[in-house]
$ cat model-v8.cif   # mmCIF, C-alpha atoms
data_entry
#
loop_
_atom_site.label_atom_id
_atom_site.label_comp_id
_atom_site.auth_asym_id
_atom_site.auth_seq_id
_atom_site.Cartn_x
_atom_site.Cartn_y
_atom_site.Cartn_z
CA MET X 1126 44.87 231.85 -37.49
CA PRO X 1127 41.95 230.72 -39.69
CA ASP X 1128 43.23 232.99 -42.45
CA GLU X 1129 46.69 231.59 -42.20
CA THR X 1130 45.36 228.07 -42.36
CA ALA X 1131 43.19 228.91 -45.36
CA ASP X 1132 46.21 230.40 -47.06
CA ARG X 1133 48.32 227.33 -46.51
CA MET X 1134 45.59 225.10 -47.80
CA THR X 1135 45.30 226.94 -51.11
CA ILE X 1136 46.53 224.56 -53.78
CA GLU X 1137 48.63 225.95 -56.52
CA VAL X 1138 46.88 224.92 -59.75
CA VAL X 1139 49.18 223.91 -62.55
CA GLU X 1140 47.59 224.20 -65.93
CA VAL X 1141 47.92 221.16 -68.10
CA SER X 1142 46.46 221.70 -71.57
CA PRO X 1143 44.95 218.57 -73.18
CA ASN X 1144 45.51 220.01 -76.67
CA ILE X 1145 49.29 220.11 -76.86
CA PRO X 1146 50.05 219.59 -80.58
CA LEU X 1147 52.19 216.64 -81.36
CA PRO X 1148 55.02 217.62 -83.77
CA SER X 1149 54.67 215.41 -86.83
CA GLY X 1150 57.26 213.20 -88.48
CA SER X 1151 59.75 213.11 -85.70
CA PRO X 1152 59.54 210.47 -82.96
CA GLY X 1153 62.28 212.39 -81.20
CA VAL X 1154 60.11 215.42 -81.04
CA ALA X 1155 57.12 213.35 -79.92
CA GLY X 1156 59.33 211.75 -77.29
CA GLU X 1157 60.42 215.16 -76.04
CA VAL X 1158 56.81 216.34 -75.73
CA PHE X 1159 55.90 213.18 -73.84
CA ARG X 1160 58.83 213.68 -71.54
CA GLN X 1161 57.76 217.26 -70.82
CA LEU X 1162 54.20 216.16 -70.17
CA LEU X 1163 55.43 213.49 -67.84
CA GLN X 1164 57.63 215.92 -65.97
CA GLN X 1165 54.72 218.27 -65.66
CA ALA X 1166 52.54 215.47 -64.35
CA ILE X 1167 55.21 214.53 -61.80
CA ARG X 1168 55.52 218.16 -60.72
CA VAL X 1169 51.75 218.40 -60.23
CA ALA X 1170 51.75 215.15 -58.26
CA ASP X 1171 54.67 216.35 -56.16
CA GLN X 1172 52.97 219.59 -55.31
CA ALA X 1173 49.73 217.84 -54.50
CA ASN X 1174 51.64 215.45 -52.29
CA SER X 1175 53.56 218.10 -50.35
CA GLN X 1176 50.37 220.08 -50.09
CA SER X 1177 48.59 217.18 -48.44
CA VAL X 1178 51.56 216.58 -46.16
CA ARG X 1179 51.44 220.24 -45.24
CA MET X 1180 47.72 220.06 -44.68
CA ALA X 1181 48.07 216.95 -42.57
CA ALA X 1182 50.69 218.75 -40.48
CA ASP X 1183 48.38 221.72 -40.09
CA PHE X 1184 45.53 219.49 -39.08
CA ALA X 1185 47.80 217.80 -36.58
CA GLU X 1186 48.76 221.21 -35.17
CA VAL X 1187 45.13 222.29 -34.89
CA TYR X 1188 44.29 218.98 -33.25
CA ARG X 1189 47.18 219.33 -30.79
CA ARG X 1190 46.00 222.82 -29.81
CA GLU X 1191 42.47 221.56 -29.50
CA VAL X 1192 43.56 218.79 -27.17
CA GLY X 1193 45.60 221.28 -25.14
CA VAL X 1194 42.64 223.59 -24.81
CA ARG X 1195 40.46 220.70 -23.81
CA SER X 1196 42.84 219.48 -21.14
CA ASP X 1197 43.25 223.03 -19.84
CA TYR X 1198 39.51 223.20 -19.75
CA GLU X 1199 39.27 219.86 -17.96
CA GLN X 1200 41.92 220.97 -15.48
CA LYS X 1201 39.94 224.16 -14.77
CA LEU X 1202 36.79 222.07 -14.38
CA ARG X 1203 38.55 219.81 -11.84
CA GLU X 1204 39.75 222.86 -9.92
CA LEU X 1205 36.28 224.36 -9.93
CA LYS X 1206 34.79 221.10 -8.73
CA LEU X 1207 37.38 220.85 -5.97
CA MET X 1208 36.72 224.43 -4.92
CA GLU X 1209 33.01 223.74 -4.91
CA GLN X 1210 33.48 220.70 -2.65
CA GLN X 1211 35.90 222.67 -0.53
CA THR X 1212 33.44 225.54 -0.11
CA THR X 1213 30.62 223.15 0.77
CA ARG X 1214 32.83 221.48 3.35
CA TYR X 1215 33.69 224.85 4.89
CA ALA X 1216 30.05 225.88 4.98
CA GLU X 1217 29.13 222.62 6.72
CA ASP X 1218 31.87 223.05 9.29
CA LEU X 1219 30.86 226.66 9.84
CA ALA X 1220 27.25 225.64 10.35
CA SER X 1221 28.18 223.00 12.91
CA MET X 1222 30.50 225.46 14.67
CA LEU X 1223 27.71 228.02 14.86
CA ASN X 1224 25.42 225.33 16.16
CA SER X 1225 27.70 224.21 18.96
CA GLU X 1226 28.46 227.85 19.67
CA ARG X 1227 24.76 228.47 20.14
CA GLN X 1228 24.46 225.45 22.42
CA ARG X 1229 27.41 226.64 24.45
CA ARG X 1230 25.85 230.04 24.77
CA THR X 1231 22.56 228.54 25.95
CA GLU X 1232 24.45 226.49 28.53
CA LEU X 1233 26.37 229.53 29.61
CA GLU X 1234 23.22 231.56 29.96
CA ARG X 1235 21.67 228.79 32.04
CA ALA X 1236 24.76 228.68 34.26
CA LEU X 1237 24.66 232.46 34.64
CA GLU X 1238 20.99 232.32 35.56
CA GLN X 1239 21.74 229.66 38.18
CA GLU X 1240 24.54 231.79 39.55
CA ARG X 1241 22.22 234.79 39.66
CA ILE X 1242 19.66 232.74 41.61
CA ALA X 1243 22.37 231.52 43.98
CA ASN X 1244 23.56 235.10 44.48
CA GLU X 1245 20.04 236.28 45.13
CA GLU X 1246 19.61 233.47 47.66
CA LEU X 1247 22.85 234.49 49.34
CA ARG X 1248 21.75 238.11 49.47
CA ARG X 1249 18.42 237.14 50.96
CA THR X 1250 20.19 235.01 53.57
CA GLY X 1251 22.37 237.99 54.44
CA LEU X 1252 19.41 240.32 54.70
CA GLN X 1253 17.55 237.76 56.79
CA GLY X 1254 20.51 237.45 59.14
CA ILE X 1255 20.43 241.19 59.56
CA SER X 1256 16.75 241.31 60.37
CA HIS X 1257 17.36 238.56 62.93
CA LEU X 1258 20.04 240.76 64.42
CA VAL X 1259 17.58 243.63 64.72
CA LEU X 1260 15.01 241.26 66.16
CA ALA X 1261 17.51 240.05 68.76
CA ALA X 1262 18.32 243.64 69.69
CA THR X 1263 14.61 244.38 69.96
CA LEU X 1264 14.08 241.40 72.25
CA LYS X 1265 16.78 242.64 74.60
CA ASP X 1266 15.69 246.26 74.49
CA GLN X 1267 12.74 247.44 72.46
CA THR X 1268 14.13 250.96 72.31
CA THR X 1269 17.23 249.69 70.50
CA GLY X 1270 15.17 247.82 67.90
CA ALA X 1271 13.11 250.90 67.10
CA HIS X 1272 16.25 253.03 67.01
CA LEU X 1273 17.82 250.74 64.41
CA LEU X 1274 14.67 250.78 62.29
CA ARG X 1275 14.47 254.57 62.32
CA VAL X 1276 18.17 254.97 61.56
CA ARG X 1277 17.80 252.59 58.64
CA ARG X 1278 14.81 254.52 57.28
CA TYR X 1279 16.60 257.87 57.73
CA VAL X 1280 19.70 256.51 56.00
CA GLU X 1281 17.68 255.22 53.06
CA ALA X 1282 15.80 258.53 52.79
CA ILE X 1283 19.05 260.56 52.85
CA ALA X 1284 20.77 258.29 50.33
CA THR X 1285 17.78 258.58 48.00
CA ARG X 1286 17.70 262.36 48.42
CA LEU X 1287 21.42 262.46 47.53
CA GLY X 1288 20.54 260.75 44.25
CA LEU X 1289 22.29 257.42 44.88
CA PRO X 1290 21.20 254.40 42.78
CA ALA X 1291 18.63 252.04 44.32
CA GLU X 1292 21.16 249.24 45.01
CA LEU X 1293 23.37 251.57 47.03
CA VAL X 1294 20.36 252.93 48.90
CA GLU X 1295 19.48 249.36 49.88
CA GLU X 1296 23.08 248.50 50.79
CA PHE X 1297 23.51 251.64 52.91
CA GLY X 1298 20.18 250.84 54.59
CA TYR X 1299 20.93 247.28 55.63
CA SER X 1300 24.51 248.16 56.50
CA SER X 1301 23.40 250.95 58.86
CA VAL X 1302 21.56 248.43 61.05
CA MET X 1303 24.89 246.91 62.11
CA HIS X 1304 26.70 250.10 63.08
CA ASP X 1305 26.72 249.21 66.78
CA VAL X 1306 27.19 245.41 66.65
CA GLY X 1307 30.55 245.89 68.33
CA LYS X 1308 28.73 247.00 71.47
CA ILE X 1309 28.09 243.35 72.27
CA HIS X 1310 31.53 243.48 73.92
CA THR X 1311 30.85 246.72 75.78
CA PRO X 1312 29.91 246.13 79.44
CA ASP X 1313 26.32 247.09 80.27
CA HIS X 1314 27.33 249.38 83.13
CA ILE X 1315 29.24 251.58 80.69
CA LEU X 1316 26.52 251.50 78.03
CA GLN X 1317 23.83 252.38 80.53
CA SER X 1318 25.89 254.77 82.57
CA GLU X 1319 23.95 257.87 83.56
CA HIS X 1320 27.14 259.70 84.42
CA HIS X 1321 29.80 261.35 82.36
CA LEU X 1322 32.24 258.64 81.23
CA SER X 1323 35.77 258.52 82.58
CA SER X 1324 38.57 258.49 80.03
CA ASP X 1325 39.13 254.76 80.67
CA GLU X 1326 35.47 254.09 80.07
CA PHE X 1327 35.61 256.22 76.95
CA GLU X 1328 38.47 254.04 75.63
CA VAL X 1329 36.24 251.00 76.13
CA ILE X 1330 33.41 252.74 74.24
CA LYS X 1331 35.74 253.54 71.32
CA GLN X 1332 36.58 249.86 71.04
CA HIS X 1333 33.06 248.99 69.83
CA CYS X 1334 33.79 250.55 66.42
CA ILE X 1335 36.83 248.35 65.91
CA ASP X 1336 35.11 245.25 67.33
CA GLY X 1337 32.14 245.86 65.03
CA GLU X 1338 34.34 245.97 61.93
CA VAL X 1339 36.10 242.74 62.96
CA MET X 1340 32.83 240.97 63.76
CA LEU X 1341 31.52 241.66 60.28
CA GLY X 1342 34.19 239.44 58.75
CA ASP X 1343 35.44 239.87 55.18
CA ALA X 1344 32.45 239.07 52.96
CA ARG X 1345 31.73 241.58 50.19
CA PHE X 1346 28.12 241.73 51.40
CA PHE X 1347 29.27 243.40 54.65
CA GLU X 1348 31.88 245.72 53.14
CA THR X 1349 29.80 248.86 53.65
CA ALA X 1350 28.60 247.60 57.03
CA ARG X 1351 32.23 247.24 58.16
CA ALA X 1352 33.01 250.80 57.08
CA VAL X 1353 29.91 252.07 58.84
CA ALA X 1354 30.70 250.16 62.06
CA ARG X 1355 34.26 251.52 62.08
CA GLU X 1356 33.56 255.11 61.04
CA HIS X 1357 30.14 256.13 62.32
CA HIS X 1358 31.71 258.08 65.20
CA GLU X 1359 34.20 259.90 62.99
CA LYS X 1360 33.59 263.62 62.52
CA TRP X 1361 33.80 265.74 59.35
CA ASP X 1362 36.48 267.96 60.93
CA GLY X 1363 38.63 265.01 62.00
CA THR X 1364 37.94 265.16 65.77
CA GLY X 1365 35.98 261.91 65.94
CA TYR X 1366 37.03 258.35 66.85
CA PRO X 1367 38.52 255.77 66.56
CA ASP X 1368 40.85 256.94 63.74
CA GLY X 1369 40.30 260.71 63.52
CA LYS X 1370 39.47 260.51 59.80
CA LYS X 1371 38.16 263.70 58.22
CA GLY X 1372 35.98 264.76 55.28
CA SER X 1373 35.73 262.29 52.44
CA GLU X 1374 38.22 259.95 54.14
CA ILE X 1375 35.11 258.83 55.99
CA SER X 1376 32.92 256.65 53.77
CA LEU X 1377 29.71 258.29 52.56
CA ALA X 1378 27.63 255.56 54.20
CA ALA X 1379 29.22 256.30 57.59
CA ARG X 1380 28.76 260.06 57.11
CA ILE X 1381 25.04 259.46 56.49
CA VAL X 1382 24.67 257.00 59.38
CA SER X 1383 26.38 259.50 61.68
CA VAL X 1384 23.69 262.14 61.06
CA ALA X 1385 20.83 259.63 61.31
CA ASP X 1386 22.22 258.01 64.45
CA VAL X 1387 22.86 261.25 66.32
CA PHE X 1388 19.52 262.74 65.33
CA ASP X 1389 17.69 259.67 66.57
CA ALA X 1390 19.71 259.52 69.80
CA LEU X 1391 18.88 263.18 70.51
CA THR X 1392 15.17 262.73 69.82
CA SER X 1393 14.92 259.51 71.84
CA LYS X 1394 14.77 259.07 75.59
CA ARG X 1395 17.94 257.73 77.15
CA PRO X 1396 18.75 256.72 80.74
CA TYR X 1397 20.63 259.98 81.21
CA LYS X 1398 18.31 262.35 79.27
CA ASP X 1399 14.81 263.01 78.03
CA ALA X 1400 13.84 262.90 74.38
CA TRP X 1401 14.43 266.16 72.51
CA SER X 1402 11.84 267.48 70.12
CA PRO X 1403 12.56 266.97 66.40
CA GLU X 1404 13.06 270.73 66.06
CA GLU X 1405 15.69 270.73 68.82
CA GLY X 1406 17.33 267.69 67.28
CA MET X 1407 17.38 269.31 63.86
CA ARG X 1408 18.87 272.50 65.28
CA SER X 1409 21.69 270.52 66.86
CA ILE X 1410 22.38 268.65 63.59
CA ARG X 1411 22.42 271.93 61.67
CA ALA X 1412 24.86 273.37 64.21
CA GLY X 1413 27.17 270.42 63.58
CA SER X 1414 27.19 270.90 59.80
CA GLY X 1415 30.77 271.22 58.56
CA ALA X 1416 32.16 270.35 62.00
CA GLN X 1417 30.74 267.02 63.11
CA PHE X 1418 28.74 266.32 59.94
CA ASP X 1419 29.12 266.38 56.17
CA PRO X 1420 27.31 269.59 55.06
CA GLU X 1421 25.77 267.89 52.03
CA VAL X 1422 24.31 265.12 54.15
CA VAL X 1423 22.97 267.71 56.61
CA ALA X 1424 21.38 269.64 53.73
CA ALA X 1425 19.67 266.49 52.46
CA PHE X 1426 18.50 265.67 55.97
CA GLU X 1427 17.12 269.19 56.45
CA SER X 1428 15.12 268.93 53.24
CA LEU X 1429 13.72 265.59 54.45
CA GLU X 1430 12.77 267.20 57.74
CA ALA X 1431 11.21 270.15 55.87
CA ASP X 1432 9.03 267.96 53.61
CA GLY X 1433 7.84 265.85 56.54
CA THR X 1434 9.65 262.62 55.62
CA ILE X 1435 11.47 262.46 58.99
CA GLY X 1436 8.25 262.94 60.93
CA ARG X 1437 6.53 260.25 58.88
CA VAL X 1438 9.32 257.75 59.58
CA ARG X 1439 9.09 258.46 63.31
CA HIS X 1440 5.37 257.88 63.33
CA GLU X 1441 5.47 254.75 61.21
CA VAL X 1442 8.13 253.10 63.37
CA GLU X 1443 6.27 254.10 66.51
CA ALA X 1444 3.03 252.66 65.09
CA ALA X 1445 4.77 249.41 64.16
CA ARG X 1446 5.96 248.91 67.74
CA LEU X 1447 2.51 249.19 69.25
CA MET B 705 53.81 231.45 17.72
CA ALA B 706 54.35 228.85 15.03
CA THR B 707 55.16 229.62 11.40
CA LEU B 708 53.58 227.36 8.78
CA LEU B 709 54.34 226.96 5.08
CA VAL B 710 51.52 226.06 2.73
CA ALA B 711 52.28 224.98 -0.85
CA ASP B 712 49.41 224.82 -3.33
CA ASP B 713 49.08 226.02 -6.92
CA LEU B 714 45.49 227.19 -6.38
CA VAL B 715 45.13 230.68 -4.96
CA PRO B 716 41.71 230.07 -3.36
CA ILE B 717 42.98 226.98 -1.54
CA ARG B 718 45.98 228.89 -0.19
CA GLN B 719 43.62 231.66 0.91
CA MET B 720 41.32 229.25 2.70
CA VAL B 721 44.23 227.60 4.46
CA ARG B 722 45.75 230.95 5.40
CA ILE B 723 42.50 232.39 6.75
CA THR B 724 41.70 229.18 8.63
CA LEU B 725 45.09 228.80 10.25
CA SER B 726 45.65 232.45 11.07
CA THR B 727 42.69 232.18 13.48
CA GLN B 728 45.07 230.14 15.65
CA GLY B 729 47.62 232.93 15.75
CA TRP B 730 50.01 231.09 13.42
CA THR B 731 52.00 232.90 10.75
CA ILE B 732 51.35 231.50 7.27
CA LEU B 733 53.88 231.52 4.41
CA GLU B 734 52.70 230.60 0.91
CA ALA B 735 54.39 228.81 -1.98
CA LYS B 736 52.66 228.38 -5.34
CA ASN B 737 54.67 225.40 -6.59
CA GLY B 738 57.10 222.68 -5.56
CA SER B 739 60.31 224.61 -6.27
CA GLU B 740 59.13 227.61 -4.25
CA ALA B 741 58.12 225.29 -1.43
CA LEU B 742 61.61 223.75 -1.28
CA GLU B 743 63.28 227.15 -1.37
CA MET B 744 61.08 228.59 1.38
CA ALA B 745 61.43 225.48 3.52
CA LYS B 746 65.21 225.96 3.52
CA THR B 747 65.24 229.72 4.08
CA HIS B 748 62.39 230.08 6.60
CA LYS B 749 62.58 226.74 8.46
CA PRO B 750 58.84 226.74 9.25
CA ASP B 751 57.45 224.68 12.13
CA LEU B 752 55.27 222.68 9.75
CA ILE B 753 54.73 222.32 6.00
CA LEU B 754 51.45 221.66 4.20
CA LEU B 755 51.95 220.18 0.72
CA ASP B 756 49.59 219.81 -2.20
CA VAL B 757 50.60 217.03 -4.63
CA ASP B 758 49.85 218.40 -8.11
CA MET B 759 51.25 221.88 -8.29
CA GLY B 760 51.86 222.32 -12.01
CA PRO B 761 55.38 222.28 -13.43
CA GLY B 762 58.28 221.39 -11.16
CA PRO B 763 58.49 218.78 -8.41
CA ASN B 764 55.18 217.46 -7.11
CA GLY B 765 54.31 217.33 -3.42
CA PHE B 766 55.62 213.81 -2.89
CA GLU B 767 58.96 214.76 -4.40
CA VAL B 768 59.13 217.95 -2.38
CA CYS B 769 58.45 215.96 0.78
CA LYS B 770 61.14 213.44 -0.04
CA THR B 771 63.67 216.23 -0.68
CA ILE B 772 62.79 218.01 2.58
CA LYS B 773 63.20 214.76 4.50
CA SER B 774 66.56 214.01 2.92
CA ASP B 775 68.02 217.42 3.79
CA ALA B 776 69.57 217.47 7.27
CA THR B 777 68.51 221.09 7.87
CA THR B 778 64.83 220.46 7.12
CA LYS B 779 64.26 216.78 7.85
CA ASP B 780 62.76 217.43 11.30
CA ILE B 781 60.02 219.71 9.98
CA PRO B 782 56.73 217.79 10.04
CA VAL B 783 55.02 217.59 6.64
CA VAL B 784 51.28 217.25 6.11
CA MET B 785 50.06 216.26 2.66
CA LEU B 786 46.91 218.11 1.63
CA THR B 787 45.67 216.71 -1.66
CA ALA B 788 42.72 215.54 -3.72
CA HIS B 789 44.56 212.23 -4.25
CA GLU B 790 42.63 210.04 -1.92
CA SER B 791 43.55 206.48 -2.92
CA ASP B 792 45.33 204.18 -0.49
CA SER B 793 48.27 203.86 -2.84
CA ASP B 794 48.69 207.66 -2.88
CA ARG B 795 48.56 207.69 0.91
CA ALA B 796 51.23 205.00 0.97
CA ILE B 797 53.41 207.08 -1.35
CA GLY B 798 52.93 210.11 0.90
CA PHE B 799 53.88 208.32 4.07
CA ALA B 800 56.78 206.62 2.33
CA ALA B 801 58.00 210.08 1.31
CA GLY B 802 58.10 210.97 5.02
CA ALA B 803 54.77 212.78 5.57
CA THR B 804 53.54 212.92 9.17
CA GLN B 805 49.88 213.19 8.20
CA TYR B 806 47.84 212.82 5.04
CA LEU B 807 44.70 214.94 4.61
CA THR B 808 42.46 214.84 1.56
CA LYS B 809 40.55 217.61 -0.13
CA PRO B 810 37.96 218.80 0.48
CA PHE B 811 39.31 219.34 3.99
CA GLY B 812 37.34 220.74 6.93
CA PRO B 813 38.74 223.76 8.78
CA LEU B 814 38.37 222.07 12.17
CA GLU B 815 40.02 218.88 10.93
CA LEU B 816 42.91 220.94 9.54
CA ILE B 817 43.35 222.96 12.73
CA ASP B 818 43.09 219.91 15.01
CA THR B 819 45.59 217.91 12.94
CA ILE B 820 48.14 220.72 12.97
CA ARG B 821 47.61 221.45 16.66
CA GLY B 822 48.17 217.80 17.46
CA ILE B 823 51.42 217.67 15.48
CA LEU B 824 52.74 220.99 16.87
CA ALA B 825 51.95 219.82 20.41
CA HIS B 826 54.08 216.71 19.90
CA SER B 827 57.06 218.38 18.31
#

$ encode --input "model-v8.cif" --output "structure tokens"
Amino acid sequence: MPDETADRMTIEVVEVSPNIPLPSGSPGVAGEVFRQLLQQAIRVADQANSQSVRMAADFAEVYRREVGVRSDYEQKLRELKLMEQQTTRYAEDLASMLNSERQRRTELERALEQERIANEELRRTGLQGISHLVLAATLKDQTTGAHLLRVRRYVEAIATRLGLPAELVEEFGYSSVMHDVGKIHTPDHILQSEHHLSSDEFEVIKQHCIDGEVMLGDARFFETARAVAREHHEKWDGTGYPDGKKGSEISLAARIVSVADVFDALTSKRPYKDAWSPEEGMRSIRAGSGAQFDPEVVAAFESLEADGTIGRVRHEVEAARL
Amino acid sequence: MATLLVADDLVPIRQMVRITLSTQGWTILEAKNGSEALEMAKTHKPDLILLDVDMGPGPNGFEVCKTIKSDATTKDIPVVMLTAHESDSDRAIGFAAGATQYLTKPFGPLELIDTIRGILAHS
């Protein structure tokens, strides 16, 4: 473009010689020369004039383009400025959103913490209720209280030996304490009978499993306890009561309680029998493996007996009573 | 889910609007000038239209709004003006053209979302 402009602005130079000879003696000739000179002068003026018009037009064109470029430039500047403001506004909004988000999260965490505390309180209340239950049983019959304590300790030891997580060990432990709560409805003369029970009396005994489950309501906290109360007289081979469940139909907690409960009953003195030695009790449990008891639970129990854990529990509970 | 049409000649503005509004689950259609906006309004019948005012050659946002409001098939679509023109007289022109709301640039994402939510909830 600059070249083109330069080209257009080149002025065509018309040579006018100052030394044109005037022909002598003839005014006509002199007149003709003058006329030619004049015409030449007019031509030069004409060209100069159109050249300046052309140049003015070119300048106008350049100016027009210049203005266009400038307004394009100004438009772009406005857009940039708008985008800058827009971006700032977004960043501000984002910052305030993040801020309120953080506040919400803090509030949420606080609420969660409060809920956790409330849950813990609830759990403690539940556990306390259970220890009151054991205490009440102990007040009525010290043997029963000690029995429940030993069963609980056996259950926890077996559950640990089976590799269950600590929370389950605890849950199985506290749930085992309530396996016989249904017996509150069972008449004393049947519970303390020294004779073989009649089939009618046996029906009454069976009822304590069902009563126990009902008594423990529907709270999640007692879910395992309900299963234990209902199923702790079920047998691995399906010949137990009240439902005749077999194998893994019986909850693991009940399968564990069953072993612990029977072992402790055998090794404790009852109105109708003397206390068996731990060795005799263990032999009987082993004999029931796969029939009355879950073989894996029996194996865990045997290893606890072998490493002296069972004996230690017996002594500790005995010592605590004295 | 609602479908929204946004008309703006600036690509970054359309992007911001699209990204912001798609967080609400809305589908966003884009027009880069007034003529496109009119065409898309008629063919897609969006649930709401966002209009810039200066969109280069062709009808400006006010004119587009007026045309939409004078066409029986599109007159019920709410229109929100979204422009850097912030004077009261411009607002008056916008509302006179039939706009439901008038937002000025720079706009905040929350303000934009809340305004649109409010309008969609009423229609």

$ residues_around --input "model-v8.cif" --residues "segment 768-784 of chain B" --least-positions-apart "4" --cutoff "10 Å" --atoms "all atoms listed in the file" --output "PyMOL selection string"
chain B and resi 709-711+737-743+745-757+762-764+798-807+816+819-820+823-824+827

$ closest_atom_pairs --input "model-v8.cif" --of "chain B" --to "chain X" --cutoff "9 Å" --atoms "all atoms listed in the file" --output "CSV"
residue,atom,partner,partner_atom,distance
B:Leu714,CA,X:Glu1204,CA,8.0
B:Pro716,CA,X:Met1208,CA,7.7
B:Ile717,CA,X:Met1208,CA,7.6
B:Ala788,CA,X:Leu1207,CA,7.9
B:Lys809,CA,X:Gln1211,CA,6.9
B:Pro810,CA,X:Gln1211,CA,4.5
B:Phe811,CA,X:Gln1211,CA,6.6
B:Gly812,CA,X:Arg1214,CA,5.8
B:Pro813,CA,X:Tyr1215,CA,6.5
B:Leu814,CA,X:Asp1218,CA,7.2

$ axis_aligned_box --input "model-v8.cif" --around "segment 1159-1163 of chain X" --padding-each-side "5 Å" --output "AutoDock Vina command-line options"
--center_x 56.5 --center_y 215.2 --center_z -70.8 --size_x 14.6 --size_y 14.1 --size_z 16.0

$ atom_distance --input "model-v8.cif" --atom1 "atom CA of Arg722 of chain B" --atom2 "atom CA of Glu734 of chain B"
8.3 Å

$ atom_distance --input "model-v8.cif" --atom1 "atom CA of His1440 of chain X" --atom2 "atom CA of Ser1402 of chain X"
13.4 Å

$ residues_around --input "model-v8.cif" --residues "Tyr1299 of chain X" --least-positions-apart "6" --cutoff "12 Å" --atoms "only C-alpha atoms" --output "number ranges by chain"
X: 1248-1249, 1251-1259, 1273-1281, 1292-1293, 1346-1351, 1353, 1378, 1382

$ atom_distance --input "model-v8.cif" --atom1 "atom CA of Met1407 of chain X" --atom2 "atom CA of Glu1430 of chain X"
7.9 Å

$ residues_around --input "model-v8.cif" --residues "Thr808 of chain B" --least-positions-apart "3" --cutoff "9 Å" --atoms "all atoms listed in the file" --output "ChimeraX atom specification"
/B:785-790,811

$ write_last_selection --input "model-v8.cif" --atoms "C-alpha atoms" --output "mmCIF file, keeping the file's coordinate frame"
data_model
loop_
_atom_site.group_PDB
_atom_site.id
_atom_site.type_symbol
_atom_site.label_atom_id
_atom_site.label_comp_id
_atom_site.auth_asym_id
_atom_site.auth_seq_id
_atom_site.Cartn_x
_atom_site.Cartn_y
_atom_site.Cartn_z
ATOM 1 C CA MET B 785 50.060 216.260 2.660
ATOM 2 C CA LEU B 786 46.910 218.110 1.630
ATOM 3 C CA THR B 787 45.670 216.710 -1.660
ATOM 4 C CA ALA B 788 42.720 215.540 -3.720
ATOM 5 C CA HIS B 789 44.560 212.230 -4.250
ATOM 6 C CA GLU B 790 42.630 210.040 -1.920
ATOM 7 C CA PHE B 811 39.310 219.340 3.990
#

$ residues_around --input "model-v8.cif" --residues "Lys1398 of chain X" --least-positions-apart "4" --cutoff "12 Å" --atoms "all atoms listed in the file" --output "short mmCIF file (atom, residue, chain, number, x, y, z; two decimals) with C-alpha atoms, in the coordinates of the input"
data_model
loop_
_atom_site.label_atom_id
_atom_site.label_comp_id
_atom_site.auth_asym_id
_atom_site.auth_seq_id
_atom_site.Cartn_x
_atom_site.Cartn_y
_atom_site.Cartn_z
CA GLN X 1317 23.83 252.38 80.53
CA SER X 1318 25.89 254.77 82.57
CA GLU X 1319 23.95 257.87 83.56
CA HIS X 1320 27.14 259.70 84.42
CA HIS X 1321 29.80 261.35 82.36
CA ALA X 1390 19.71 259.52 69.80
CA LEU X 1391 18.88 263.18 70.51
CA THR X 1392 15.17 262.73 69.82
CA SER X 1393 14.92 259.51 71.84
CA LYS X 1394 14.77 259.07 75.59
#

$ closest_residue --input "model-v8.cif" --among "B:Lys736, B:Ile723, B:Gln728, B:Ile797" --to "Ala706 of chain B" --atoms "only C-alpha atoms"
B:Gln728
